[in-house]
file work.cif (mmCIF, C-alpha atoms and all ligand atoms)
data_work
loop_
_atom_site.label_atom_id
_atom_site.label_comp_id
_atom_site.auth_asym_id
_atom_site.auth_seq_id
_atom_site.Cartn_x
_atom_site.Cartn_y
_atom_site.Cartn_z
CA MET A 1 66.78 106.31 87.59
CA THR A 2 68.63 105.60 90.76
CA ARG A 3 69.94 102.13 91.37
CA PHE A 4 67.47 101.80 94.27
CA ILE A 5 64.40 102.64 92.16
CA LYS A 6 65.68 100.35 89.40
CA SER A 7 65.96 97.50 91.89
CA ILE A 8 62.44 98.15 93.17
CA CYS A 9 61.09 98.14 89.59
CA ILE A 10 62.88 94.89 88.77
CA PHE A 11 61.60 93.33 91.99
CA PHE A 12 57.98 94.25 91.22
CA SER A 13 58.29 93.11 87.58
CA ILE A 14 59.51 89.72 88.76
CA PHE A 15 56.76 89.63 91.40
CA LEU A 16 54.03 90.44 88.84
CA LEU A 17 55.47 87.93 86.34
CA GLY A 18 55.40 85.35 89.11
CA LEU A 19 51.78 86.19 89.92
CA SER A 20 50.64 85.96 86.31
CA ALA A 21 52.57 82.70 85.81
CA ALA A 22 50.88 81.25 88.90
CA ALA A 23 47.47 82.43 87.64
CA GLN A 24 48.12 80.86 84.22
CA THR A 25 49.24 77.52 85.57
CA ALA A 26 46.79 77.33 88.50
CA ARG A 27 44.71 74.19 88.36
CA ARG A 28 40.96 74.63 88.18
CA VAL A 29 39.33 72.68 90.97
CA ILE A 30 35.85 72.01 92.29
CA ILE A 31 35.68 71.09 95.96
CA ASP A 32 32.68 68.89 96.73
CA THR A 33 32.27 69.17 100.47
CA ASP A 34 30.19 68.45 103.59
CA PRO A 35 31.55 71.21 105.84
CA GLY A 36 32.78 69.98 108.46
CA ILE A 37 35.86 71.13 110.46
CA ASP A 38 38.45 69.54 108.21
CA ASP A 39 36.43 70.59 105.16
CA ALA A 40 36.67 74.22 106.34
CA MET A 41 40.43 73.78 106.75
CA ALA A 42 40.66 72.20 103.27
CA ILE A 43 38.63 74.98 101.63
CA LEU A 44 40.75 77.74 103.24
CA LEU A 45 43.95 75.91 102.28
CA ALA A 46 42.74 75.81 98.67
CA LEU A 47 41.64 79.47 98.65
CA ASN A 48 45.05 80.55 99.96
CA SER A 49 47.08 78.51 97.48
CA PRO A 50 48.09 80.14 94.17
CA GLU A 51 48.55 76.70 92.61
CA LEU A 52 44.76 76.26 92.61
CA LYS A 53 41.89 78.17 91.08
CA VAL A 54 38.77 77.15 92.97
CA GLU A 55 35.89 77.34 90.50
CA ALA A 56 33.13 76.12 92.80
CA LEU A 57 32.15 74.62 96.10
CA THR A 58 29.41 72.04 95.77
CA VAL A 59 27.84 70.88 98.99
CA VAL A 60 26.73 67.38 99.88
CA ALA A 61 24.95 66.07 102.96
CA GLY A 62 27.41 64.28 105.24
CA ASN A 63 29.04 65.64 108.39
CA VAL A 64 25.97 67.86 108.74
CA GLU A 65 22.62 68.09 106.99
CA ALA A 66 22.69 69.64 103.52
CA TRP A 67 21.19 73.02 104.57
CA GLN A 68 23.74 73.41 107.37
CA GLY A 69 26.59 72.41 105.07
CA LEU A 70 25.53 75.03 102.51
CA GLU A 71 25.29 77.71 105.20
CA ASN A 72 28.78 76.76 106.41
CA ALA A 73 30.24 76.86 102.89
CA LEU A 74 28.75 80.33 102.34
CA LYS A 75 30.14 81.61 105.65
CA ILE A 76 33.62 80.18 104.99
CA ALA A 77 33.74 81.77 101.52
CA SER A 78 32.54 85.06 102.98
CA LEU A 79 35.18 84.97 105.71
CA ALA A 80 37.81 84.51 103.00
CA GLY A 81 36.33 87.40 101.00
CA ARG A 82 35.56 85.05 98.13
CA CYS A 83 31.93 85.67 97.18
CA ASP A 84 33.10 85.33 93.56
CA LEU A 85 33.05 81.54 94.04
CA LEU A 86 30.14 79.51 92.73
CA ILE A 87 28.58 77.82 95.76
CA ALA A 88 25.80 75.34 95.10
CA GLY A 89 23.77 72.95 97.18
CA GLY A 90 23.61 69.32 96.11
CA ALA A 91 22.30 65.99 97.31
CA GLN A 92 20.21 66.12 100.48
CA HIS A 93 20.75 62.47 101.33
CA PRO A 94 22.71 59.40 100.15
CA LEU A 95 21.53 57.34 97.17
CA ASN A 96 20.38 54.27 99.02
CA GLN A 97 20.47 54.75 102.78
CA LYS A 98 19.71 57.29 105.47
CA LEU A 99 22.07 60.19 106.08
CA ILE A 100 24.57 59.73 108.95
CA THR A 101 25.72 63.07 110.39
CA ALA A 102 28.85 63.59 112.52
CA GLN A 103 28.26 66.42 114.99
CA PHE A 104 30.08 64.23 117.53
CA TRP A 105 33.36 65.05 115.74
CA HIS A 106 32.47 68.43 114.24
CA GLY A 107 30.27 70.23 116.77
CA LYS A 108 26.57 71.02 116.61
CA ASN A 109 26.91 73.37 113.62
CA GLY A 110 29.67 71.31 111.95
CA LEU A 111 32.23 74.07 112.61
CA ALA A 112 33.27 73.37 116.22
CA ASN A 113 30.35 75.57 117.41
CA VAL A 114 32.25 78.64 116.19
CA GLU A 115 29.70 81.24 115.08
CA LEU A 116 30.98 82.95 111.95
CA PRO A 117 29.45 86.25 110.83
CA ALA A 118 26.47 85.97 108.47
CA SER A 119 27.62 85.32 104.92
CA LYS A 120 27.68 88.07 102.33
CA CYS A 121 27.87 85.41 99.59
CA LYS A 122 24.94 84.10 97.56
CA THR A 123 24.00 80.54 96.66
CA ASP A 124 24.21 79.58 93.00
CA SER A 125 20.76 78.36 91.99
CA ARG A 126 22.04 75.31 90.11
CA PHE A 127 21.98 71.81 91.62
CA GLY A 128 25.55 70.86 92.63
CA PRO A 129 25.89 67.85 90.29
CA ASP A 130 24.57 69.96 87.37
CA LEU A 131 27.08 72.70 88.14
CA ILE A 132 29.86 70.10 88.11
CA ILE A 133 28.68 68.86 84.69
CA GLU A 134 28.51 72.42 83.31
CA LEU A 135 31.96 73.40 84.53
CA VAL A 136 33.61 70.22 83.25
CA HIS A 137 32.19 70.95 79.78
CA LYS A 138 33.18 74.60 80.04
CA TYR A 139 36.79 73.70 80.86
CA PRO A 140 37.39 70.29 79.20
CA HIS A 141 40.46 68.42 80.54
CA GLU A 142 41.13 71.22 83.05
CA ILE A 143 38.95 70.54 86.08
CA THR A 144 40.21 68.51 89.02
CA LEU A 145 37.41 67.32 91.28
CA ILE A 146 38.26 67.21 94.97
CA PRO A 147 35.42 65.40 96.72
CA VAL A 148 35.93 65.47 100.48
CA GLY A 149 32.52 64.23 101.58
CA PRO A 150 30.29 61.28 100.67
CA LEU A 151 30.43 60.77 96.90
CA THR A 152 26.71 61.33 96.23
CA ASN A 153 27.08 64.50 94.12
CA ILE A 154 29.86 63.03 91.99
CA ALA A 155 27.89 59.81 91.42
CA LEU A 156 24.82 61.82 90.39
CA ALA A 157 26.93 63.91 87.98
CA VAL A 158 28.58 60.94 86.23
CA SER A 159 25.30 59.01 86.14
CA LYS A 160 23.47 61.91 84.51
CA ASP A 161 26.29 62.73 82.09
CA PRO A 162 28.95 60.00 81.71
CA SER A 163 30.61 62.10 78.98
CA ILE A 164 32.27 64.17 81.72
CA VAL A 165 34.48 61.23 82.75
CA PRO A 166 37.17 61.63 80.06
CA LEU A 167 36.87 65.43 80.28
CA VAL A 168 37.82 65.62 83.96
CA LYS A 169 41.54 66.16 84.50
CA ASP A 170 41.72 64.37 87.83
CA VAL A 171 39.59 63.14 90.72
CA VAL A 172 41.28 63.36 94.11
CA ILE A 173 39.05 62.10 96.88
CA MET A 174 39.34 62.05 100.63
CA GLY A 175 37.86 58.68 101.38
CA GLY A 176 38.44 55.00 101.84
CA SER A 177 41.31 53.17 103.48
CA ILE A 178 43.33 50.08 102.73
CA SER A 179 44.09 49.29 106.36
CA GLY A 180 40.96 49.50 108.46
CA GLY A 181 38.29 52.11 108.85
CA ASN A 182 37.45 55.05 111.08
CA VAL A 183 33.74 54.25 111.33
CA ASP A 184 34.19 50.61 112.22
CA GLY A 185 36.76 47.91 111.57
CA ALA A 186 36.42 48.19 107.82
CA ALA A 187 34.92 51.43 106.53
CA GLU A 188 35.97 55.07 106.27
CA ALA A 189 33.22 57.64 106.91
CA ASN A 190 32.85 59.25 103.45
CA ILE A 191 32.53 55.87 101.73
CA TYR A 192 30.36 54.47 104.52
CA GLY A 193 28.15 57.53 104.17
CA ASP A 194 27.16 56.47 100.65
CA PRO A 195 28.72 53.17 99.50
CA GLU A 196 26.57 52.92 96.35
CA ALA A 197 27.70 56.37 95.24
CA ALA A 198 31.33 55.46 95.95
CA SER A 199 30.97 52.30 93.87
CA ILE A 200 29.67 54.37 90.93
CA VAL A 201 32.58 56.81 91.27
CA PHE A 202 35.29 54.11 91.49
CA ASN A 203 33.81 52.32 88.46
CA ALA A 204 33.19 55.40 86.33
CA GLY A 205 36.19 54.81 84.05
CA TRP A 206 38.60 57.41 85.40
CA ILE A 207 41.48 56.85 87.81
CA VAL A 208 40.53 58.01 91.31
CA THR A 209 43.33 59.31 93.50
CA MET A 210 42.33 57.98 96.91
CA ILE A 211 43.59 59.84 99.97
CA GLY A 212 42.37 57.51 102.67
CA SER A 213 41.68 57.82 106.37
CA ASP A 214 44.59 55.50 107.19
CA VAL A 215 47.06 58.07 105.83
CA GLY A 216 45.03 60.99 107.20
CA GLU A 217 45.43 59.49 110.65
CA ARG A 218 49.20 59.56 110.23
CA THR A 219 49.00 63.21 109.12
CA ILE A 220 47.91 64.88 112.32
CA ILE A 221 47.84 68.41 113.65
CA THR A 222 49.22 68.52 117.18
CA ARG A 223 49.42 71.22 119.88
CA LYS A 224 52.88 72.18 118.56
CA TYR A 225 51.50 73.08 115.12
CA LEU A 226 48.47 74.75 116.71
CA ALA A 227 50.77 77.03 118.71
CA ASP A 228 52.44 78.05 115.45
CA LEU A 229 49.04 78.80 113.92
CA GLN A 230 48.02 80.87 116.96
CA SER A 231 51.15 83.02 116.72
CA LEU A 232 49.68 85.20 113.98
CA HIS A 233 46.20 86.69 114.18
CA GLY A 234 43.82 87.27 111.33
CA PRO A 235 40.22 86.35 110.58
CA GLU A 236 41.11 83.10 108.82
CA SER A 237 43.98 81.98 111.04
CA ASP A 238 41.93 82.72 114.20
CA PHE A 239 39.01 80.72 112.81
CA VAL A 240 41.19 77.75 111.81
CA ALA A 241 42.97 77.86 115.19
CA LYS A 242 39.58 77.61 116.98
CA LEU A 243 38.56 74.72 114.74
CA ALA A 244 41.86 72.94 115.32
CA ASP A 245 41.71 73.48 119.08
CA TRP A 246 38.20 72.03 119.34
CA TYR A 247 39.06 69.16 116.97
CA LEU A 248 42.25 68.39 118.91
CA THR A 249 40.40 68.36 122.23
CA ARG A 250 37.76 66.03 120.75
CA SER A 251 40.47 63.73 119.35
CA GLU A 252 42.49 63.76 122.60
CA LYS A 253 39.35 62.77 124.56
CA SER A 254 39.14 59.77 122.24
CA GLY A 255 42.75 58.82 123.01
CA TYR A 256 44.50 60.27 119.93
CA GLN A 257 47.73 62.31 119.99
CA GLY A 258 46.45 64.78 117.44
CA ALA A 259 43.69 65.43 114.94
CA ALA A 260 43.64 63.78 111.52
CA MET A 261 43.98 66.21 108.62
CA TYR A 262 41.82 64.17 106.28
CA ASP A 263 40.34 66.72 103.86
CA PRO A 264 43.25 69.20 103.81
CA LEU A 265 45.60 66.39 102.75
CA ALA A 266 43.45 65.74 99.66
CA VAL A 267 43.66 69.42 98.71
CA ALA A 268 47.40 69.47 99.43
CA THR A 269 47.89 66.49 97.12
CA VAL A 270 46.60 68.64 94.26
CA ILE A 271 48.78 71.59 95.34
CA ASP A 272 51.92 69.44 95.60
CA PRO A 273 51.71 65.76 94.62
CA SER A 274 55.19 65.16 96.04
CA LEU A 275 53.66 65.31 99.54
CA VAL A 276 52.24 61.81 99.12
CA THR A 277 53.25 58.37 97.87
CA LEU A 278 50.71 56.85 95.48
CA LYS A 279 50.39 53.35 94.06
CA GLU A 280 48.06 52.21 91.29
CA MET A 281 45.63 49.51 92.37
CA HIS A 282 42.21 48.16 91.55
CA VAL A 283 39.74 49.20 94.26
CA ASP A 284 36.22 47.86 94.70
CA VAL A 285 33.69 49.24 97.15
CA GLU A 286 31.91 46.72 99.36
CA THR A 287 28.19 47.46 99.28
CA LYS A 288 26.93 44.33 101.02
CA GLY A 289 29.25 42.67 103.57
CA GLU A 290 28.03 41.67 107.02
CA PHE A 291 30.89 43.60 108.69
CA THR A 292 32.39 45.41 105.73
CA ARG A 293 29.78 47.64 104.04
CA GLY A 294 31.60 50.71 102.80
CA GLU A 295 35.06 49.14 102.79
CA THR A 296 37.40 50.01 99.92
CA VAL A 297 38.83 46.65 98.95
CA ALA A 298 42.18 47.23 97.27
CA ASN A 299 43.83 44.59 95.13
CA ARG A 300 47.58 45.01 95.59
CA MET A 301 48.59 42.25 93.14
CA GLY A 302 46.68 43.58 90.15
CA SER A 303 45.01 40.23 89.53
CA ASP A 304 42.44 37.74 90.77
CA GLU A 305 42.93 33.98 90.66
CA ASN A 306 40.86 32.35 87.96
CA ASN A 307 39.11 29.25 89.29
CA VAL A 308 37.87 26.70 86.76
CA LEU A 309 35.50 23.82 87.57
CA HIS A 310 37.21 20.41 87.33
CA GLY A 311 34.65 17.69 88.08
CA ASP A 312 33.49 18.22 91.66
CA HIS A 313 35.91 21.01 92.53
CA TYR A 314 37.52 24.17 91.26
CA GLU A 315 41.14 24.45 90.26
CA ILE A 316 43.17 27.61 89.92
CA ASP A 317 43.85 28.19 86.27
CA GLY A 318 46.15 31.19 86.22
CA VAL A 319 45.07 34.72 87.03
CA ILE A 320 42.83 37.42 85.59
CA GLU A 321 44.59 40.76 85.27
CA LEU A 322 42.76 43.73 86.79
CA LYS A 323 43.05 47.24 85.39
CA PRO A 324 43.89 49.83 88.06
CA ASN A 325 41.07 52.30 88.73
CA ALA A 326 42.76 54.10 91.61
CA ARG A 327 45.99 55.67 92.74
CA VAL A 328 45.98 54.82 96.41
CA CYS A 329 47.84 57.00 98.88
CA LEU A 330 50.25 54.89 100.94
CA ALA A 331 52.05 57.60 102.90
CA SER A 332 52.41 61.34 103.34
CA ASP A 333 55.24 63.67 104.31
CA ALA A 334 53.23 64.80 107.33
CA ASP A 335 55.59 67.46 108.67
CA ARG A 336 56.06 69.10 105.26
CA PHE A 337 52.30 69.02 104.72
CA LEU A 338 51.58 70.65 108.10
CA ARG A 339 54.16 73.35 107.53
CA LEU A 340 52.59 74.07 104.13
CA PHE A 341 49.09 74.12 105.65
CA ILE A 342 49.99 76.49 108.45
CA SER A 343 52.02 78.84 106.28
CA ARG A 344 49.16 79.11 103.79
CA ILE A 345 46.53 79.74 106.49
CA LYS A 346 48.80 82.36 108.10
CA GLY A 347 49.61 83.84 104.71
CA LYS A 348 47.10 86.67 104.92
CA CA A 401 34.50 66.22 104.64
#
call {"tool": "encode", "arguments": {"input": "work.cif", "output": "structure tokens", "more": "lines below"}}
Ligand SMILES: [Ca+2]
result
Amino acid sequence: MTRFIKSICIFFSIFLLGLSAAAQTARRVIIDTDPGIDDAMAILLALNSPELKVEALTVVAGNVEAWQGLENALKIASLAGRCDLLIAGGAQHPLNQKLITAQFWHGKNGLANVELPASKCKTDSRFGPDLIIELVHKYPHEITLIPVGPLTNIALAVSKDPSIVPLVKDVVIMGGSISGGNVDGAAEANIYGDPEAASIVFNAGWIVTMIGSDVGERTIITRKYLADLQSLHGPESDFVAKLADWYLTRSEKSGYQGAAMYDPLAVATVIDPSLVTLKEMHVDVETKGEFTRGETVANRMGSDENNVLHGDHYEIDGVIELKPNARVCLASDADRFLRLFISRIKGK
């Protein structure tokens, strides 16, 4: 064998070993989504990342109505040539309020009015929350849930079968904020979209990794990154470039410098946790509040003061320790994230 052929053989052996190692160590994930521009970006990031094995897309009503979200999920999977994915419809509306859709930010069809070809993929007949339950039992301690829409499907799953809680490897949500909302002064859209569901999810007994809107808004795609994305053409990169262009224009009209990469940052956190800074906290979801319904109220001290009645008044008698139920994202390495995102989308 010539030295050249030997080198080629060694190269391919290493390449194949690398591929099989990636396949073995890839994390099984379920993306629960309300597609959605940034959902589409998040799904394509996940599908182009060897660190992840996407087991299913479960769709929830949110940015668009449930039927539209399911159609979008099917078209995105088809575009990526991934009809092997399980794609299931889920909750049609929030647990305890009317659905609030967001075509203002996402376009009439939820995907920046880009018309994708009809999907070749089929819908799984199972109800999204039931599919989540089945997959968690099928792969105990292996599934990471990545909910990037209102938390209705996840709340329904843990309410129906609480035994999944210790069997889930991780829950990484896009949602909440510890420094003001994007819906109003207090609330972030996914939590505001179903606060009762969010409260169930935060109190389920697992630790929720919370990638909030406050960090998403400091992790923005700008025209500079868009130009990079537009430099290579392919079905997926062209689609994401159109989404990003529309989303940027919408954000610029509202006075922002760029468009917040909310959902893709949650997926990227599972791909590479070193992209974000996390801190354990106890988080409660406000479900009443005159101005604060849907706020994620984070306790940064890990305790509440304990007030004890002394005659006609209360007196502070030490503190009550609170167990953390969340790992809250405080910051991201935005540039490294965006370079990862664009390289993965261009990777085909
Ligand atoms: Ca979303």
call {"tool": "atom_distance", "arguments": {"input": "work.cif", "atom1": "atom CA of Leu330 of chain A", "atom2": "atom CA of Lys346 of chain A"}}
result
28.4 Å
call {"tool": "residues_near_ligand", "arguments": {"input": "work.cif", "ligand": "ligand CA 401 (chain A)", "cutoff": "12 Å", "atoms": "all atoms listed in the file", "output": "PyMOL selection string"}}
result
chain A and resi 31-43+58-64+69+73+101-102+105-106+110-111+146-151+173-175+188-191+193+212-213+260-267
call {"tool": "write_last_selection", "arguments": {"input": "work.cif", "atoms": "C-alpha atoms", "output": "PDB file, in the coordinates of the input"}}
result
ATOM      1  CA  ILE A  31      35.680  71.090  95.960  1.00  0.00           C
ATOM      2  CA  ASP A  32      32.680  68.890  96.730  1.00  0.00           C
ATOM      3  CA  THR A  33      32.270  69.170 100.470  1.00  0.00           C
ATOM      4  CA  ASP A  34      30.190  68.450 103.590  1.00  0.00           C
ATOM      5  CA  PRO A  35      31.550  71.210 105.840  1.00  0.00           C
ATOM      6  CA  GLY A  36      32.780  69.980 108.460  1.00  0.00           C
ATOM      7  CA  ILE A  37      35.860  71.130 110.460  1.00  0.00           C
ATOM      8  CA  ASP A  38      38.450  69.540 108.210  1.00  0.00           C
ATOM      9  CA  ASP A  39      36.430  70.590 105.160  1.00  0.00           C
ATOM     10  CA  ALA A  40      36.670  74.220 106.340  1.00  0.00           C
ATOM     11  CA  MET A  41      40.430  73.780 106.750  1.00  0.00           C
ATOM     12  CA  ALA A  42      40.660  72.200 103.270  1.00  0.00           C
ATOM     13  CA  ILE A  43      38.630  74.980 101.630  1.00  0.00           C
ATOM     14  CA  THR A  58      29.410  72.040  95.770  1.00  0.00           C
ATOM     15  CA  VAL A  59      27.840  70.880  98.990  1.00  0.00           C
ATOM     16  CA  VAL A  60      26.730  67.380  99.880  1.00  0.00           C
ATOM     17  CA  ALA A  61      24.950  66.070 102.960  1.00  0.00           C
ATOM     18  CA  GLY A  62      27.410  64.280 105.240  1.00  0.00           C
ATOM     19  CA  ASN A  63      29.040  65.640 108.390  1.00  0.00           C
ATOM     20  CA  VAL A  64      25.970  67.860 108.740  1.00  0.00           C
ATOM     21  CA  GLY A  69      26.590  72.410 105.070  1.00  0.00           C
ATOM     22  CA  ALA A  73      30.240  76.860 102.890  1.00  0.00           C
ATOM     23  CA  THR A 101      25.720  63.070 110.390  1.00  0.00           C
ATOM     24  CA  ALA A 102      28.850  63.590 112.520  1.00  0.00           C
ATOM     25  CA  TRP A 105      33.360  65.050 115.740  1.00  0.00           C
ATOM     26  CA  HIS A 106      32.470  68.430 114.240  1.00  0.00           C
ATOM     27  CA  GLY A 110      29.670  71.310 111.950  1.00  0.00           C
ATOM     28  CA  LEU A 111      32.230  74.070 112.610  1.00  0.00           C
ATOM     29  CA  ILE A 146      38.260  67.210  94.970  1.00  0.00           C
ATOM     30  CA  PRO A 147      35.420  65.400  96.720  1.00  0.00           C
ATOM     31  CA  VAL A 148      35.930  65.470 100.480  1.00  0.00           C
ATOM     32  CA  GLY A 149      32.520  64.230 101.580  1.00  0.00           C
ATOM     33  CA  PRO A 150      30.290  61.280 100.670  1.00  0.00           C
ATOM     34  CA  LEU A 151      30.430  60.770  96.900  1.00  0.00           C
ATOM     35  CA  ILE A 173      39.050  62.100  96.880  1.00  0.00           C
ATOM     36  CA  MET A 174      39.340  62.050 100.630  1.00  0.00           C
ATOM     37  CA  GLY A 175      37.860  58.680 101.380  1.00  0.00           C
ATOM     38  CA  GLU A 188      35.970  55.070 106.270  1.00  0.00           C
ATOM     39  CA  ALA A 189      33.220  57.640 106.910  1.00  0.00           C
ATOM     40  CA  ASN A 190      32.850  59.250 103.450  1.00  0.00           C
ATOM     41  CA  ILE A 191      32.530  55.870 101.730  1.00  0.00           C
ATOM     42  CA  GLY A 193      28.150  57.530 104.170  1.00  0.00           C
ATOM     43  CA  GLY A 212      42.370  57.510 102.670  1.00  0.00           C
ATOM     44  CA  SER A 213      41.680  57.820 106.370  1.00  0.00           C
ATOM     45  CA  ALA A 260      43.640  63.780 111.520  1.00  0.00           C
ATOM     46  CA  MET A 261      43.980  66.210 108.620  1.00  0.00           C
ATOM     47  CA  TYR A 262      41.820  64.170 106.280  1.00  0.00           C
ATOM     48  CA  ASP A 263      40.340  66.720 103.860  1.00  0.00           C
ATOM     49  CA  PRO A 264      43.250  69.200 103.810  1.00  0.00           C
ATOM     50  CA  LEU A 265      45.600  66.390 102.750  1.00  0.00           C
ATOM     51  CA  ALA A 266      43.450  65.740  99.660  1.00  0.00           C
ATOM     52  CA  VAL A 267      43.660  69.420  98.710  1.00  0.00           C
TER      53      VAL A 267
END
call {"tool": "residues_around", "arguments": {"input": "work.cif", "residues": "Val29 of chain A", "least_positions_apart": "5", "cutoff": "12 Å", "atoms": "all atoms listed in the file", "output": "VMD selection string"}}
result
chain A and resid 43 46 to 47 49 to 58 85 to 86 132 135 to 136 139 141 to 147 168 to 172 266 to 267 270 to 271
call {"tool": "atom_distance", "arguments": {"input": "work.cif", "atom1": "atom CA of Arg344 of chain A", "atom2": "atom CA of Val240 of chain A"}}
result
11.4 Å
call {"tool": "closest_residue", "arguments": {"input": "work.cif", "among": "A:Ile320, A:Val297, A:Leu340, A:Ala331", "to": "Ala187 of chain A", "atoms": "only C-alpha atoms"}}
result
A:Val297
call {"tool": "atom_distance", "arguments": {"input": "work.cif", "atom1": "atom CA of Met210 of chain A", "atom2": "atom CA of Thr152 of chain A"}}
result
16.0 Å
call {"tool": "closest_residue", "arguments": {"input": "work.cif", "among": "A:Asp124, A:Glu196, A:Asp335, A:Asp184", "to": "Lys288 of chain A", "atoms": "only C-alpha atoms"}}
result
A:Glu196
call {"tool": "axis_aligned_box", "arguments": {"input": "work.cif", "around": "segment 135-150 of chain A", "padding_each_side": "5 Å", "output": "JSON"}}
result
{"center_x": 35.7, "center_y": 67.9, "center_z": 90.4, "size_x": 20.8, "size_y": 23.3, "size_z": 32.4}
call {"tool": "closest_residue", "arguments": {"input": "work.cif", "among": "A:Phe239, A:Phe341, A:Tyr256, A:Trp206", "to": "Glu115 of chain A", "atoms": "all atoms listed in the file"}}
result
A:Phe239
call {"tool": "closest_residue", "arguments": {"input": "work.cif", "among": "A:Thr249, A:Phe202, A:Glu236, A:Pro162", "to": "Thr222 of chain A", "atoms": "only C-alpha atoms"}}
result
A:Thr249
call {"tool": "closest_residue", "arguments": {"input": "work.cif", "among": "A:Val208, A:Leu99, A:Ala155, A:Met301", "to": "Asn325 of chain A", "atoms": "all atoms listed in the file"}}
result
A:Val208
call {"tool": "closest_residue", "arguments": {"input": "work.cif", "among": "A:His313, A:Arg336, A:Lys160, A:Arg250", "to": "Ile200 of chain A", "atoms": "all atoms listed in the file"}}
result
A:Lys160
call {"tool": "residues_around", "arguments": {"input": "work.cif", "residues": "Glu295 of chain A", "least_positions_apart": "3", "cutoff": "8 Å", "atoms": "all atoms listed in the file", "output": "list in words"}}
result
Gly176, Ser177, Gly181, Ala186, Ala187, Glu188, Ile191, Tyr192, Val285, Glu286, Thr287 and Thr292 of chain A
